[in-house]
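A.B. asks: Just passing along the structure, written as structure tokens.
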Amino acid sequence: MVLNTAYADAYGFPVGEPTPILSYSPVVLDVPDRPVRLEIKVTAPATGTGLPVIVLSHGHGGANFLSSLRGYGPLVDFWAAHGFVVIQPTHLDSTVLGLRERALPDAPLFWRDRALDMHTVLDRLPEVLGAVPDLPQRVDTSRIAAVGHSLGGHTVSLLMGMRVLEPQDTREKDLSDPRLTAGVVIGAPGIADEHFGSWAREHYPSLQYPDFATMTGTTLVVAGEEDLNSNFSSRLSYRWDAYTHSPGGNKTLLMMAGAGHLFGGISGYDAAETTDENPARVAALRALILSYLRSQLLGDRSWETAVGMLPSLPVPVATVEAK
């Protein structure tokens, strides 16, 4: 498969030329005590060695298939075409599994199981990569990042050290994973203060208890200027609480101009659920995240270069701050 280069270098960000990619799915893992097997998609450059890894956590979403290993093609194909192996687990809350309405612990969000899925992928990474012919020897498994959108951002926040302090939940609160060099949290749920929505309080009660005070992992928090949903919060800054309320020293906030919750359409090609369809915005977002991950995992200056370009672009694209 060759990535369509339309919009690939929108605004001239230094992403480089795309290469052909390959996708392999499903890689299926039997996981003890999990109600269904864990299905995974692996997308990788067709050539190259020393490839770093992204583990991608999909959103909760209402679409039939995008909240699974089948979603997020505009991001996954691009990152693979530019040198990353992207691993996509299908979490238990995926619409394709039909488990949201079942009487299972933590349904319908399965927030804890999502983090455990990511741990399982990392625990069994040689097995996951080994399912793809000729891939294991081309991957650098010491360079791994986690990326998540919406509820997937909540999942990545947990991996970076955020905790869910639900009073009646006596299970281990620390779900962080030191094997991750960095995390990217896109449009994630935030703090449940007086602005928290009654709908979310009723339907997703666990979202009342996030605590970002222990989120010490190196993280890029991505937020949209227009990502507001009163079902969750009437406070616009809700979607970047992972930045505001976490410890400083290694946190960066990328604010996307004019973006709603799907940031122009990141969850799938021509996704019907996209309310702010904008292919150029998608291209900018994925290029900026690529630059950030290259800098964090490979030690180059891609992020510094990309951020330096933002003030001189002909239209507002994003702003960046760090602490």
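Just remember, in the structure tokens the first chain shown is A, the second B, etc., residues are 1-based per chain, and ligands are 1-based in the order shown.
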Please produce, as CSV, a per-residue contact table for stretch 194-236 of chain A versus stretch 127-146 of chain A (criterion: any atom at most 12 Å away, only C-alpha atoms considered), showing the nearest atom pair and its distance in Å to one decimal, sorted by chain then residue number.

C.D. replies:
```
residue,atom,partner,partner_atom,distance
A:Gly217,CA,A:Ala145,CA,10.8
A:Thr218,CA,A:Ala145,CA,9.8
A:Thr219,CA,A:Ala146,CA,9.4
A:Leu220,CA,A:Ala146,CA,10.4
A:Val221,CA,A:Ala146,CA,12.0
```

A.B. asks: Check which residues of stretch 89-201 of chain A sit at most 12 Å from stretch 237-242 of chain A using only C-alpha atoms, and return one row each with the closest pair of atoms and their distance in Å to one decimal, ordered by chain and rising number, as a Markdown table.

C.D. replies:
```
| residue | atom | partner | partner_atom | distance |
| --- | --- | --- | --- | --- |
| A:His149 | CA | A:Arg239 | CA | 10.9 |
| A:Ser150 | CA | A:Arg239 | CA | 8.8 |
| A:Leu151 | CA | A:Arg239 | CA | 11.0 |
| A:Gly153 | CA | A:Ala242 | CA | 9.2 |
| A:His154 | CA | A:Ala242 | CA | 8.8 |
| A:Thr155 | CA | A:Ala242 | CA | 11.6 |
| A:Val156 | CA | A:Ala242 | CA | 10.4 |
| A:Ser157 | CA | A:Ala242 | CA | 7.3 |
| A:Leu158 | CA | A:Ala242 | CA | 10.4 |
| A:Met160 | CA | A:Ala242 | CA | 10.2 |
| A:Gly161 | CA | A:Ala242 | CA | 10.6 |
| A:Met162 | CA | A:Ala242 | CA | 8.4 |
| A:Arg163 | CA | A:Ala242 | CA | 11.3 |
| A:Gly183 | CA | A:Ala242 | CA | 11.4 |
| A:Val184 | CA | A:Ala242 | CA | 10.5 |
| A:Val185 | CA | A:Ala242 | CA | 7.9 |
| A:Ile186 | CA | A:Arg239 | CA | 8.3 |
| A:Gly187 | CA | A:Arg239 | CA | 5.3 |
| A:Ala188 | CA | A:Arg239 | CA | 5.5 |
| A:Pro189 | CA | A:Arg239 | CA | 5.7 |
| A:Gly190 | CA | A:Asp241 | CA | 4.9 |
| A:Ile191 | CA | A:Asp241 | CA | 6.4 |
| A:Ala192 | CA | A:Tyr238 | CA | 8.4 |
| A:Asp193 | CA | A:Tyr238 | CA | 9.3 |
| A:Glu194 | CA | A:Tyr238 | CA | 11.4 |
| A:His195 | CA | A:Tyr238 | CA | 8.9 |
| A:Phe196 | CA | A:Tyr238 | CA | 8.7 |
| A:Gly197 | CA | A:Tyr238 | CA | 11.0 |
```

A.B. asks: Have a look at A:Arg34, A:His82, A:Arg114, A:Arg294 and name the one nearest to A:Leu56; count only C-alpha atoms.

C.D. replies: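 Comparing A:Arg34, A:His82, A:Arg114, A:Arg294 against A:Leu56, the winner is A:Arg114.
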
A.B. asks: My list of candidates is A:Leu125, A:Leu69, A:Ile54, A:Ala107. Which is closest to A:Pro35 when distances are computed with only C-alpha atoms?

C.D. replies: A:Ala107

A.B. asks: Could you pull out the residues in stretch 206-281 of chain A that DSSP calls helix (DSSP H, G or I) from the backbone, as a list in words?

C.D. replies: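 The residues of stretch 206-281 of chain A classed as helix (DSSP H, G or I) are Ser206, Leu207, Gln208, Leu236, Ser237, Tyr238, Arg239, Trp240, Asp241, Ala242, Tyr243, Thr244, Pro279, Ala280 and Arg281 of chain A.
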
A.B. asks: Using only C-alpha atoms, which protein or nucleic acid residues come within 7 Å of A:Val86? Drop anything in the same chain fewer than 3 positions from it, and give the result as a JSON list (two decimals) with C-alpha atoms, in the first residue's frame.

C.D. replies:
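In the end it all went to part_39.json:
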```json
[["chain", "number", "residue", "atom", "x", "y", "z"],
["A", 42, "VAL", "CA", -0.03, -3.86, 12.98],
["A", 43, "THR", "CA", 0.87, -1.28, 10.33],
["A", 44, "ALA", "CA", 4.50, -0.73, 9.40],
["A", 53, "VAL", "CA", 6.74, 1.85, 17.88],
["A", 54, "ILE", "CA", 3.45, 3.64, 18.52],
["A", 55, "VAL", "CA", 0.71, 1.84, 20.46],
["A", 56, "LEU", "CA", -2.57, 3.57, 19.56],
["A", 76, "VAL", "CA", -1.95, 5.30, 11.26],
["A", 80, "ALA", "CA", 3.72, 4.16, 9.29]]
```

A.B. asks: Set the distance at 10 Å and use only C-alpha atoms: which residues neighbour A:Gly73 once local chain neighbours fewer than 2 positions away are removed? I'd like the list as a PDB file with N, CA and C atoms, in the first residue's frame.

C.D. replies:
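Saved as result28.pdb:
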```pdb
ATOM      1  N   THR A  43       0.578  -1.976  11.582  1.00  0.00           N
ATOM      2  CA  THR A  43       0.867  -1.277  10.333  1.00  0.00           C
ATOM      3  C   THR A  43       2.300  -0.776  10.401  1.00  0.00           C
ATOM      4  N   LEU A  66     -15.043   2.376  13.693  1.00  0.00           N
ATOM      5  CA  LEU A  66     -13.865   3.212  13.901  1.00  0.00           C
ATOM      6  C   LEU A  66     -13.297   3.069  15.308  1.00  0.00           C
ATOM      7  N   LEU A  69      -9.625  -1.680  15.902  1.00  0.00           N
ATOM      8  CA  LEU A  69      -8.384  -1.705  15.123  1.00  0.00           C
ATOM      9  C   LEU A  69      -8.582  -1.193  13.708  1.00  0.00           C
ATOM     10  N   ARG A  70      -9.851  -1.042  13.273  1.00  0.00           N
ATOM     11  CA  ARG A  70     -10.121  -0.611  11.904  1.00  0.00           C
ATOM     12  C   ARG A  70     -10.089   0.901  11.735  1.00  0.00           C
ATOM     13  N   GLY A  71     -10.011   1.650  12.817  1.00  0.00           N
ATOM     14  CA  GLY A  71     -10.124   3.096  12.741  1.00  0.00           C
ATOM     15  C   GLY A  71      -8.793   3.825  12.631  1.00  0.00           C
ATOM     16  N   LEU A  75      -4.286   8.808  10.544  1.00  0.00           N
ATOM     17  CA  LEU A  75      -3.093   8.913  11.387  1.00  0.00           C
ATOM     18  C   LEU A  75      -2.176   7.709  11.194  1.00  0.00           C
ATOM     19  N   VAL A  76      -2.744   6.528  11.271  1.00  0.00           N
ATOM     20  CA  VAL A  76      -1.952   5.304  11.256  1.00  0.00           C
ATOM     21  C   VAL A  76      -1.158   5.163   9.963  1.00  0.00           C
ATOM     22  N   ASP A  77      -1.824   5.333   8.820  1.00  0.00           N
ATOM     23  CA  ASP A  77      -1.137   5.169   7.538  1.00  0.00           C
ATOM     24  C   ASP A  77      -0.011   6.184   7.385  1.00  0.00           C
ATOM     25  N   PHE A  78      -0.260   7.408   7.845  1.00  0.00           N
ATOM     26  CA  PHE A  78       0.746   8.464   7.732  1.00  0.00           C
ATOM     27  C   PHE A  78       1.961   8.166   8.599  1.00  0.00           C
ATOM     28  N   TRP A  79       1.731   7.828   9.852  1.00  0.00           N
ATOM     29  CA  TRP A  79       2.866   7.569  10.745  1.00  0.00           C
ATOM     30  C   TRP A  79       3.667   6.354  10.291  1.00  0.00           C
ATOM     31  N   GLY A 265     -11.108  15.146  11.353  1.00  0.00           N
ATOM     32  CA  GLY A 265     -11.433  13.832  10.805  1.00  0.00           C
ATOM     33  C   GLY A 265     -10.363  12.788  11.024  1.00  0.00           C
ATOM     34  N   ILE A 266      -9.819  12.686  12.242  1.00  0.00           N
ATOM     35  CA  ILE A 266      -8.719  11.756  12.481  1.00  0.00           C
ATOM     36  C   ILE A 266      -9.174  10.314  12.665  1.00  0.00           C
ATOM     37  N   SER A 267     -10.460  10.090  12.983  1.00  0.00           N
ATOM     38  CA  SER A 267     -10.878   8.735  13.341  1.00  0.00           C
ATOM     39  C   SER A 267     -11.075   7.818  12.136  1.00  0.00           C
ATOM     40  N   GLY A 268     -11.189   8.391  10.944  1.00  0.00           N
ATOM     41  CA  GLY A 268     -11.341   7.552   9.760  1.00  0.00           C
ATOM     42  C   GLY A 268     -11.485   8.394   8.515  1.00  0.00           C
ATOM     43  N   TYR A 269     -11.196   7.805   7.369  1.00  0.00           N
ATOM     44  CA  TYR A 269     -11.336   8.526   6.106  1.00  0.00           C
ATOM     45  C   TYR A 269     -12.815   8.812   5.837  1.00  0.00           C
TER      46      TYR A 269
END
```

A.B. asks: List the neighbours of stretch 11-25 of chain A out to 9 Å using only C-alpha atoms; skip same-chain residues closer than 3 positions along the sequence, and give me the result as number ranges by chain.

C.D. replies: A: 1-5, 7-8, 28, 39-47, 69, 77-83, 131-132, 280, 283-284, 287-288, 290-291, 302, 305-306, 309, 313-314, 317

A.B. asks: Rank nothing, just name the residue among A:Gly152, A:Gly299, A:Gly62, A:Pro279 nearest to A:Thr95, using only C-alpha atoms.

C.D. replies: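 Ranking A:Gly152, A:Gly299, A:Gly62, A:Pro279 by distance to A:Thr95, first place goes to A:Gly62.
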
A.B. asks: May I have all residues of stretch 95-308 of chain A that DSSP, computed from the backbone, assigns to strand (DSSP E or B), given as a PyMOL selection string?

C.D. replies: chain A and resi 139-149+163-164+182-186+196+210-211+219-224+233+251-256

A.B. asks: Would you put the residues from that selection into a file with N, CA and C atoms, as a compact mmCIF listing (two decimals), in the first residue's frame?

C.D. replies:
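The resulting file, again-v1.txt, is shown below:
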```
# COMPACT_ATOMS: atom_id res chain seq x y z
N VAL A 139 12.57 -3.73 14.04
CA VAL A 139 11.95 -2.85 15.03
C VAL A 139 12.90 -2.63 16.21
N ASP A 140 12.94 -1.40 16.69
CA ASP A 140 13.68 -1.05 17.91
C ASP A 140 12.68 -0.98 19.06
N THR A 141 12.59 -2.05 19.83
CA THR A 141 11.58 -2.13 20.88
C THR A 141 11.95 -1.34 22.13
N SER A 142 13.06 -0.64 22.10
CA SER A 142 13.40 0.26 23.21
C SER A 142 12.81 1.65 23.00
N ARG A 143 12.22 1.88 21.83
CA ARG A 143 11.67 3.20 21.51
C ARG A 143 10.16 3.06 21.26
N ILE A 144 9.36 3.30 22.31
CA ILE A 144 7.92 3.07 22.23
C ILE A 144 7.19 4.28 22.80
N ALA A 145 6.14 4.70 22.10
CA ALA A 145 5.26 5.76 22.58
C ALA A 145 3.83 5.25 22.53
N ALA A 146 2.96 5.88 23.34
CA ALA A 146 1.53 5.59 23.31
C ALA A 146 0.78 6.83 22.88
N VAL A 147 -0.20 6.64 22.00
CA VAL A 147 -1.05 7.74 21.52
C VAL A 147 -2.50 7.32 21.72
N GLY A 148 -3.35 8.26 22.18
CA GLY A 148 -4.75 7.94 22.33
C GLY A 148 -5.63 9.14 22.10
N HIS A 149 -6.81 8.89 21.53
CA HIS A 149 -7.78 9.96 21.26
C HIS A 149 -9.02 9.76 22.10
N ARG A 163 -4.34 8.72 37.68
CA ARG A 163 -5.04 7.67 38.40
C ARG A 163 -6.53 7.99 38.49
N VAL A 164 -7.33 6.94 38.55
CA VAL A 164 -8.76 7.08 38.76
C VAL A 164 -9.03 6.73 40.23
N ALA A 182 7.25 8.20 25.79
CA ALA A 182 6.40 9.39 25.74
C ALA A 182 4.97 8.98 25.45
N GLY A 183 4.05 9.90 25.75
CA GLY A 183 2.64 9.69 25.44
C GLY A 183 2.07 10.90 24.73
N VAL A 184 1.05 10.67 23.92
CA VAL A 184 0.31 11.75 23.26
C VAL A 184 -1.16 11.57 23.60
N VAL A 185 -1.74 12.57 24.24
CA VAL A 185 -3.11 12.54 24.74
C VAL A 185 -3.93 13.53 23.92
N ILE A 186 -4.88 13.05 23.12
CA ILE A 186 -5.64 13.88 22.19
C ILE A 186 -7.10 13.98 22.64
N PHE A 196 -18.89 19.77 35.35
CA PHE A 196 -19.03 18.43 34.79
C PHE A 196 -20.49 18.14 34.47
N PRO A 210 -10.79 11.31 37.92
CA PRO A 210 -9.39 11.35 37.46
C PRO A 210 -8.54 12.24 38.36
N ASP A 211 -7.31 11.84 38.55
CA ASP A 211 -6.36 12.63 39.33
C ASP A 211 -5.05 12.69 38.53
N THR A 219 4.66 13.90 28.19
CA THR A 219 3.38 13.86 27.46
C THR A 219 3.15 15.11 26.63
N LEU A 220 2.65 14.88 25.41
CA LEU A 220 2.09 15.94 24.57
C LEU A 220 0.58 15.86 24.70
N VAL A 221 -0.04 16.93 25.18
CA VAL A 221 -1.49 17.01 25.29
C VAL A 221 -2.01 17.83 24.11
N VAL A 222 -2.89 17.25 23.31
CA VAL A 222 -3.43 17.91 22.13
C VAL A 222 -4.89 18.27 22.41
N ALA A 223 -5.24 19.54 22.20
CA ALA A 223 -6.60 20.00 22.46
C ALA A 223 -7.10 20.82 21.27
N GLY A 224 -8.43 20.88 21.14
CA GLY A 224 -9.05 21.67 20.09
C GLY A 224 -9.69 22.92 20.64
N SER A 233 -18.76 18.44 29.89
CA SER A 233 -18.41 19.62 30.67
C SER A 233 -18.78 20.87 29.90
N LYS A 251 5.84 18.41 30.10
CA LYS A 251 4.51 18.45 29.49
C LYS A 251 4.45 19.55 28.43
N THR A 252 3.76 19.24 27.34
CA THR A 252 3.59 20.19 26.24
C THR A 252 2.12 20.20 25.84
N LEU A 253 1.60 21.40 25.58
CA LEU A 253 0.22 21.55 25.12
C LEU A 253 0.22 22.04 23.68
N LEU A 254 -0.42 21.27 22.81
CA LEU A 254 -0.60 21.65 21.41
C LEU A 254 -2.06 22.00 21.22
N MET A 255 -2.36 23.29 21.01
CA MET A 255 -3.73 23.75 20.84
C MET A 255 -4.01 23.95 19.36
N MET A 256 -4.93 23.15 18.81
CA MET A 256 -5.24 23.18 17.39
C MET A 256 -6.32 24.22 17.11
```

A.B. asks: For A:Asn229, which of A:Ser198, A:Thr49, A:Thr170, A:Ser206 is the closest residue, counting only C-alpha atoms?

C.D. replies: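 Comparing A:Ser198, A:Thr49, A:Thr170, A:Ser206 against A:Asn229, the winner is A:Ser198.
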
A.B. asks: Residues near A:Arg37, anyone? I mean within 12 Å using only C-alpha atoms, not counting same-chain ones fewer than 4 positions away, as a list in words.

C.D. replies: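 Selected residues are Pro26, Val27, Val28, Leu29, Asp30, Val31, Pro32, Asp33, Pro89, Thr90, His91, Leu92, Leu97, Asp117 and Thr120 of chain A.
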
A.B. asks: Suppose we keep C-alpha atoms; can you now write the selection as a PDB file, in the first residue's frame?

C.D. replies:
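Once written, part.pdb looks like this:
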```pdb
ATOM      1  CA  PRO A  26      -5.872  -9.490  13.124  1.00  0.00           C
ATOM      2  CA  VAL A  27      -3.073 -10.571  15.412  1.00  0.00           C
ATOM      3  CA  VAL A  28      -5.060 -12.434  18.083  1.00  0.00           C
ATOM      4  CA  LEU A  29      -3.957 -12.923  21.685  1.00  0.00           C
ATOM      5  CA  ASP A  30      -5.607 -15.128  24.273  1.00  0.00           C
ATOM      6  CA  VAL A  31      -5.608 -13.138  27.506  1.00  0.00           C
ATOM      7  CA  PRO A  32      -6.604 -14.795  30.798  1.00  0.00           C
ATOM      8  CA  ASP A  33      -9.862 -13.498  32.330  1.00  0.00           C
ATOM      9  CA  PRO A  89      -5.627  -3.057  19.919  1.00  0.00           C
ATOM     10  CA  THR A  90      -9.413  -3.349  19.896  1.00  0.00           C
ATOM     11  CA  HIS A  91     -10.536  -2.501  23.445  1.00  0.00           C
ATOM     12  CA  LEU A  92     -13.524  -4.098  25.172  1.00  0.00           C
ATOM     13  CA  LEU A  97     -17.722  -6.382  20.261  1.00  0.00           C
ATOM     14  CA  ASP A 117      -4.730  -4.076  26.978  1.00  0.00           C
ATOM     15  CA  THR A 120      -0.554  -6.767  27.360  1.00  0.00           C
TER      16      THR A 120
END
```

A.B. asks: Might you pull out every residue within 10 Å of A:Leu298, with only C-alpha atoms counted and same-chain residues fewer than 2 positions away left off, and present them as a list in words?

C.D. replies: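 Those residues are Gly50, Leu51, Pro52, Arg143, Tyr292, Leu293, Arg294, Ser295, Gln296, Asp300, Arg301 and Ser302 of chain A.
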
A.B. asks: Please produce a file of those selected residues containing N, CA, C and O atoms, as an mmCIF file, in the first residue's frame.

C.D. replies:
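To be explicit, this is the file written out as part-v9.cif:
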```cif
data_model
loop_
_atom_site.group_PDB
_atom_site.id
_atom_site.type_symbol
_atom_site.label_atom_id
_atom_site.label_comp_id
_atom_site.auth_asym_id
_atom_site.auth_seq_id
_atom_site.Cartn_x
_atom_site.Cartn_y
_atom_site.Cartn_z
ATOM 1 N N GLY A 50 15.432 -0.368 12.557
ATOM 2 C CA GLY A 50 15.458 0.494 13.727
ATOM 3 C C GLY A 50 14.173 1.259 13.929
ATOM 4 O O GLY A 50 14.174 2.391 14.441
ATOM 5 N N LEU A 51 13.044 0.658 13.553
ATOM 6 C CA LEU A 51 11.770 1.355 13.545
ATOM 7 C C LEU A 51 11.214 1.508 14.961
ATOM 8 O O LEU A 51 11.091 0.529 15.695
ATOM 9 N N PRO A 52 10.846 2.717 15.371
ATOM 10 C CA PRO A 52 10.194 2.913 16.662
ATOM 11 C C PRO A 52 8.729 2.495 16.591
ATOM 12 O O PRO A 52 8.173 2.271 15.506
ATOM 13 N N ARG A 143 12.216 1.880 21.833
ATOM 14 C CA ARG A 143 11.666 3.200 21.507
ATOM 15 C C ARG A 143 10.161 3.063 21.264
ATOM 16 O O ARG A 143 9.730 2.722 20.159
ATOM 17 N N TYR A 292 6.897 15.567 17.076
ATOM 18 C CA TYR A 292 7.095 15.410 18.524
ATOM 19 C C TYR A 292 7.672 14.030 18.841
ATOM 20 O O TYR A 292 8.639 13.901 19.612
ATOM 21 N N LEU A 293 7.103 12.986 18.250
ATOM 22 C CA LEU A 293 7.550 11.636 18.556
ATOM 23 C C LEU A 293 8.942 11.362 18.001
ATOM 24 O O LEU A 293 9.731 10.633 18.624
ATOM 25 N N ARG A 294 9.242 11.916 16.867
ATOM 26 C CA ARG A 294 10.615 11.777 16.357
ATOM 27 C C ARG A 294 11.613 12.390 17.321
ATOM 28 O O ARG A 294 12.681 11.819 17.595
ATOM 29 N N SER A 295 11.273 13.546 17.855
ATOM 30 C CA SER A 295 12.184 14.209 18.784
ATOM 31 C C SER A 295 12.326 13.429 20.081
ATOM 32 O O SER A 295 13.430 13.298 20.627
ATOM 33 N N GLN A 296 11.207 12.894 20.586
ATOM 34 C CA GLN A 296 11.245 12.165 21.850
ATOM 35 C C GLN A 296 11.893 10.789 21.716
ATOM 36 O O GLN A 296 12.665 10.370 22.589
ATOM 37 N N ASP A 300 15.923 13.716 17.410
ATOM 38 C CA ASP A 300 16.227 14.737 16.416
ATOM 39 C C ASP A 300 15.549 16.059 16.786
ATOM 40 O O ASP A 300 14.958 16.197 17.849
ATOM 41 N N ARG A 301 15.585 17.033 15.883
ATOM 42 C CA ARG A 301 15.059 18.363 16.184
ATOM 43 C C ARG A 301 13.781 18.665 15.399
ATOM 44 O O ARG A 301 13.445 19.813 15.159
ATOM 45 N N SER A 302 13.059 17.611 15.011
ATOM 46 C CA SER A 302 11.851 17.793 14.206
ATOM 47 C C SER A 302 10.820 18.675 14.902
ATOM 48 O O SER A 302 10.208 19.550 14.278
#
```

A.B. asks: Considering only C-alpha atoms, state which residue in the set A:Phe65, A:Phe84, A:Tyr204, A:Tyr72 is at the smallest distance from A:Phe110.

C.D. replies: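 Of A:Phe65, A:Phe84, A:Tyr204, A:Tyr72, the one nearest A:Phe110, counting only C-alpha atoms, is A:Tyr204.
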